[in-house]
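Worksheet: one structure, shown below.
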Amino acid sequence: MSVTHQSLLDAMDGIAIVLDEELRISQIGKTNWEKFIDDNPPPQDAAPRNLTNESVVGLPITDFFAGDAVRATFGDLFKKVLGGARPAVQIDYRCDAPELRRDMRLSVSPIITGADKRYLLYQSVTLAVQQRPKLPLFCAPVADQEAEDILTLCAICARVAWPIGAPTGAREWIDSAEYYRRDGEEVAVISHGFFEECFARLQDED
Ligand SMILES: [Zn+2]
């Protein structure tokens, strides 16, 4: 019996993916990916996507991040690890469902092959899941851009920029449950951005 790359990936905790030097999915841990896709149906209005193991190979990992700014920031971070400017990225983040608080950890580290070609190991594991009363804003589809009239959710800590539409320096980042305590309105669409402290942490973390 031999341990192949694929059998290792299949045995790893969470979502485990090998990325190539263009940050495209090159190999994927199958068991947990299938479970993840089953557990996370797309928002109601979203076009159905084929997300089987086979069909996601070749897609850029950044396709799975919502919002242009968030996508660009994570893409830059991962490229720094690829190029050796950073040893790794490790960040704890929230990925909630309407009735679940989910605490996650993302680690991205270089795979040393000895060859010229470089790869990254991308691993996202669940640290804790807690049932809680429904917060409908976590059902809303995510727009590509932040805009004045759109609620912005921090892509790392899931805090909400309050009040909606306030300029960057004048907004406060509040817990998503606090948003409803302050009579925040139901929203049809949200955007993802970064609370300044989370953005700073993302740049420093190793
Ligand atoms: Zn945050």
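By order in the structure tokens, chains are A, B, ...; within a chain, residues start at 1; ligands start at 1, following the order shown.
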
Go through the chains and note each residue within 6 Å of ligand 1, using only C-alpha atoms and all ligand atoms, then give the set as a PyMOL selection string. chain A and resi 154+156-159+194-195+198

Can you pull out the residues contacting stretch 6-20 of chain A? Cut-off 6 Å, using only C-alpha atoms, and skip same-chain residues under 2 positions away; I want them as a PyMOL selection string. chain A and resi 4+22-30+32-33+119-125

Kindly save the residues from that selection, with C-alpha atoms included, as a compact mmCIF listing (two decimals), in the first residue's frame.
```
# COMPACT_ATOMS: atom_id res chain seq x y z
CA THR A 4 -0.66 9.04 -2.47
CA GLU A 22 -1.94 30.64 -10.58
CA LEU A 23 -3.93 29.89 -7.41
CA ARG A 24 -6.05 27.40 -9.32
CA ILE A 25 -7.42 24.27 -7.67
CA SER A 26 -5.11 21.45 -8.63
CA GLN A 27 -6.23 18.68 -6.24
CA ILE A 28 -8.91 18.54 -3.60
CA GLY A 29 -9.72 16.39 -0.53
CA LYS A 30 -12.86 14.70 -1.79
CA ASN A 32 -15.03 16.81 3.08
CA TRP A 33 -15.52 18.85 -0.09
CA TYR A 119 2.23 24.86 -4.90
CA LEU A 120 0.22 25.87 -1.87
CA LEU A 121 -1.72 23.80 0.61
CA TYR A 122 -5.02 25.56 1.41
CA GLN A 123 -6.81 24.16 4.44
CA SER A 124 -9.96 25.46 6.07
CA VAL A 125 -11.12 23.71 9.25
```

Mind running stretch 79-155 of chain A against stretch 162-186 of chain A at 12 Å and telling me each contacting residue's nearest atom pair with the distance in Å (one decimal), counting only C-alpha atoms, chain and number ascending, as a Markdown table?
```
| residue | atom | partner | partner_atom | distance |
| --- | --- | --- | --- | --- |
| A:Arg94 | CA | A:Ser176 | CA | 11.4 |
| A:Asp96 | CA | A:Ser176 | CA | 10.3 |
| A:Ala97 | CA | A:Ser176 | CA | 11.9 |
| A:Pro98 | CA | A:Ser176 | CA | 10.7 |
| A:Glu99 | CA | A:Ala177 | CA | 11.4 |
| A:Arg101 | CA | A:Ser176 | CA | 10.5 |
| A:Arg132 | CA | A:Ala177 | CA | 9.9 |
| A:Pro133 | CA | A:Ala177 | CA | 9.1 |
| A:Lys134 | CA | A:Ala177 | CA | 9.3 |
| A:Leu135 | CA | A:Ala177 | CA | 7.0 |
| A:Pro136 | CA | A:Glu186 | CA | 7.3 |
| A:Leu137 | CA | A:Glu186 | CA | 6.9 |
| A:Phe138 | CA | A:Ser176 | CA | 9.1 |
| A:Cys139 | CA | A:Glu186 | CA | 10.5 |
| A:Ala140 | CA | A:Glu186 | CA | 9.4 |
| A:Glu146 | CA | A:Gly165 | CA | 9.7 |
| A:Ala147 | CA | A:Gly165 | CA | 7.5 |
| A:Glu148 | CA | A:Gly165 | CA | 4.3 |
| A:Asp149 | CA | A:Gly165 | CA | 5.4 |
| A:Ile150 | CA | A:Ile164 | CA | 6.6 |
| A:Leu151 | CA | A:Ile164 | CA | 5.4 |
| A:Thr152 | CA | A:Ile164 | CA | 7.5 |
| A:Leu153 | CA | A:Ser176 | CA | 8.5 |
| A:Cys154 | CA | A:Trp173 | CA | 8.4 |
```

Interatomic distance (Å, one decimal) between atom CA of A:Arg201 and atom CA of A:Ala88: 13.6 Å

Among chain A, which residues does DSSP mark as helix (DSSP H, G or I) when it is run on the backbone? Keep the chain and numbering as in the structure and answer as a count of residues only. 63

So which residues touch A:Ile112 within 12 Å, counting only C-alpha atoms, skipping near sequence neighbours fewer than 2 positions away, as a list in words?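 These residues fall inside the cut-off: Val18, Val81, Leu82, Gly83, Gly84, Pro87, Ser109, Pro110, Gly114, Ala115, Asp116, Lys117, Arg118, Tyr119, Leu120 and Leu121 of chain A.
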
Which residues, written as a PDB file with N, CA and C atoms, in the first residue's frame, have at least one atom at most 10 Å from A:Leu202, with only C-alpha atoms counted and residues fewer than 2 positions away on the same chain left out?
```
ATOM      1  N   THR A  73      -7.640  40.931  -1.994  1.00  0.00           N
ATOM      2  CA  THR A  73      -6.798  40.893  -0.791  1.00  0.00           C
ATOM      3  C   THR A  73      -6.294  39.479  -0.523  1.00  0.00           C
ATOM      4  N   PHE A  74      -7.190  38.501  -0.596  1.00  0.00           N
ATOM      5  CA  PHE A  74      -6.760  37.122  -0.352  1.00  0.00           C
ATOM      6  C   PHE A  74      -5.839  36.629  -1.469  1.00  0.00           C
ATOM      7  N   LEU A  77      -2.404  37.933  -0.716  1.00  0.00           N
ATOM      8  CA  LEU A  77      -1.810  37.219   0.427  1.00  0.00           C
ATOM      9  C   LEU A  77      -1.265  35.858  -0.003  1.00  0.00           C
ATOM     10  N   VAL A  89      -0.009  31.820   5.740  1.00  0.00           N
ATOM     11  CA  VAL A  89      -1.126  32.649   6.213  1.00  0.00           C
ATOM     12  C   VAL A  89      -1.941  31.776   7.152  1.00  0.00           C
ATOM     13  N   GLN A  90      -2.254  32.289   8.331  1.00  0.00           N
ATOM     14  CA  GLN A  90      -3.205  31.585   9.185  1.00  0.00           C
ATOM     15  C   GLN A  90      -4.153  32.624   9.765  1.00  0.00           C
ATOM     16  N   ILE A  91      -5.435  32.403   9.533  1.00  0.00           N
ATOM     17  CA  ILE A  91      -6.399  33.401   9.984  1.00  0.00           C
ATOM     18  C   ILE A  91      -7.672  32.709  10.483  1.00  0.00           C
ATOM     19  N   ASP A  92      -8.128  33.140  11.652  1.00  0.00           N
ATOM     20  CA  ASP A  92      -9.402  32.640  12.176  1.00  0.00           C
ATOM     21  C   ASP A  92     -10.510  33.548  11.660  1.00  0.00           C
ATOM     22  N   ILE A 156     -13.919  38.652   7.755  1.00  0.00           N
ATOM     23  CA  ILE A 156     -13.170  37.877   8.745  1.00  0.00           C
ATOM     24  C   ILE A 156     -14.019  37.602   9.993  1.00  0.00           C
ATOM     25  N   PHE A 194     -13.722  44.701   4.951  1.00  0.00           N
ATOM     26  CA  PHE A 194     -12.867  44.407   6.105  1.00  0.00           C
ATOM     27  C   PHE A 194     -12.997  45.486   7.167  1.00  0.00           C
ATOM     28  N   GLU A 196     -11.306  47.476   9.901  1.00  0.00           N
ATOM     29  CA  GLU A 196      -9.898  47.902   9.816  1.00  0.00           C
ATOM     30  C   GLU A 196      -8.978  47.012  10.673  1.00  0.00           C
ATOM     31  N   GLU A 197      -9.428  46.634  11.870  1.00  0.00           N
ATOM     32  CA  GLU A 197      -8.581  45.804  12.751  1.00  0.00           C
ATOM     33  C   GLU A 197      -8.347  44.416  12.150  1.00  0.00           C
ATOM     34  N   CYS A 198      -9.382  43.881  11.489  1.00  0.00           N
ATOM     35  CA  CYS A 198      -9.228  42.560  10.871  1.00  0.00           C
ATOM     36  C   CYS A 198      -8.275  42.641   9.696  1.00  0.00           C
ATOM     37  N   PHE A 199      -8.376  43.741   8.937  1.00  0.00           N
ATOM     38  CA  PHE A 199      -7.494  43.911   7.781  1.00  0.00           C
ATOM     39  C   PHE A 199      -6.036  43.967   8.244  1.00  0.00           C
ATOM     40  N   ALA A 200      -5.794  44.708   9.335  1.00  0.00           N
ATOM     41  CA  ALA A 200      -4.438  44.828   9.875  1.00  0.00           C
ATOM     42  C   ALA A 200      -3.916  43.477  10.339  1.00  0.00           C
ATOM     43  N   ASP A 204      -0.530  41.170   9.188  1.00  0.00           N
ATOM     44  CA  ASP A 204       0.544  40.854  10.144  1.00  0.00           C
ATOM     45  C   ASP A 204       0.715  39.383  10.419  1.00  0.00           C
ATOM     46  N   GLU A 205      -0.394  38.691  10.381  1.00  0.00           N
ATOM     47  CA  GLU A 205      -0.440  37.295  10.849  1.00  0.00           C
ATOM     48  C   GLU A 205       0.532  36.392  10.086  1.00  0.00           C
ATOM     49  N   ASP A 206       1.211  35.507  10.806  1.00  0.00           N
ATOM     50  CA  ASP A 206       2.051  34.515  10.117  1.00  0.00           C
ATOM     51  C   ASP A 206       1.827  33.126  10.674  1.00  0.00           C
TER      52      ASP A 206
END
```

Record the distance separating atom CA of A:Arg105 and atom CA of A:Leu127, expressed in Å with one decimal. 6.7 Å

Here atom CA of A:Lys35 and atom CA of A:Val142 stand apart by 22.4 Å

Residue nearest A:Ala69 among A:His5, A:Val108, A:Asp144, A:Val187 (counting only C-alpha atoms):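 Nearest to A:Ala69: A:Asp144.
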
Closest of A:Arg102, A:Glu34, A:Glu21, A:Tyr93 to A:Ser55 - atom-to-atom distances counting only C-alpha atoms: A:Glu34

As an MDAnalysis selection string, list the residues of stretch 10-62 of chain A assigned to strand (DSSP E) by DSSP on the backbone atoms of this structure. chainID A and resid 15:19 25:28

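Of the listed residues A:Gly75, A:Pro60, A:Pro141, A:Gly67, the one whose atoms come nearest to A:Ala155 is A:Gly67, with distances taken using only C-alpha atoms.
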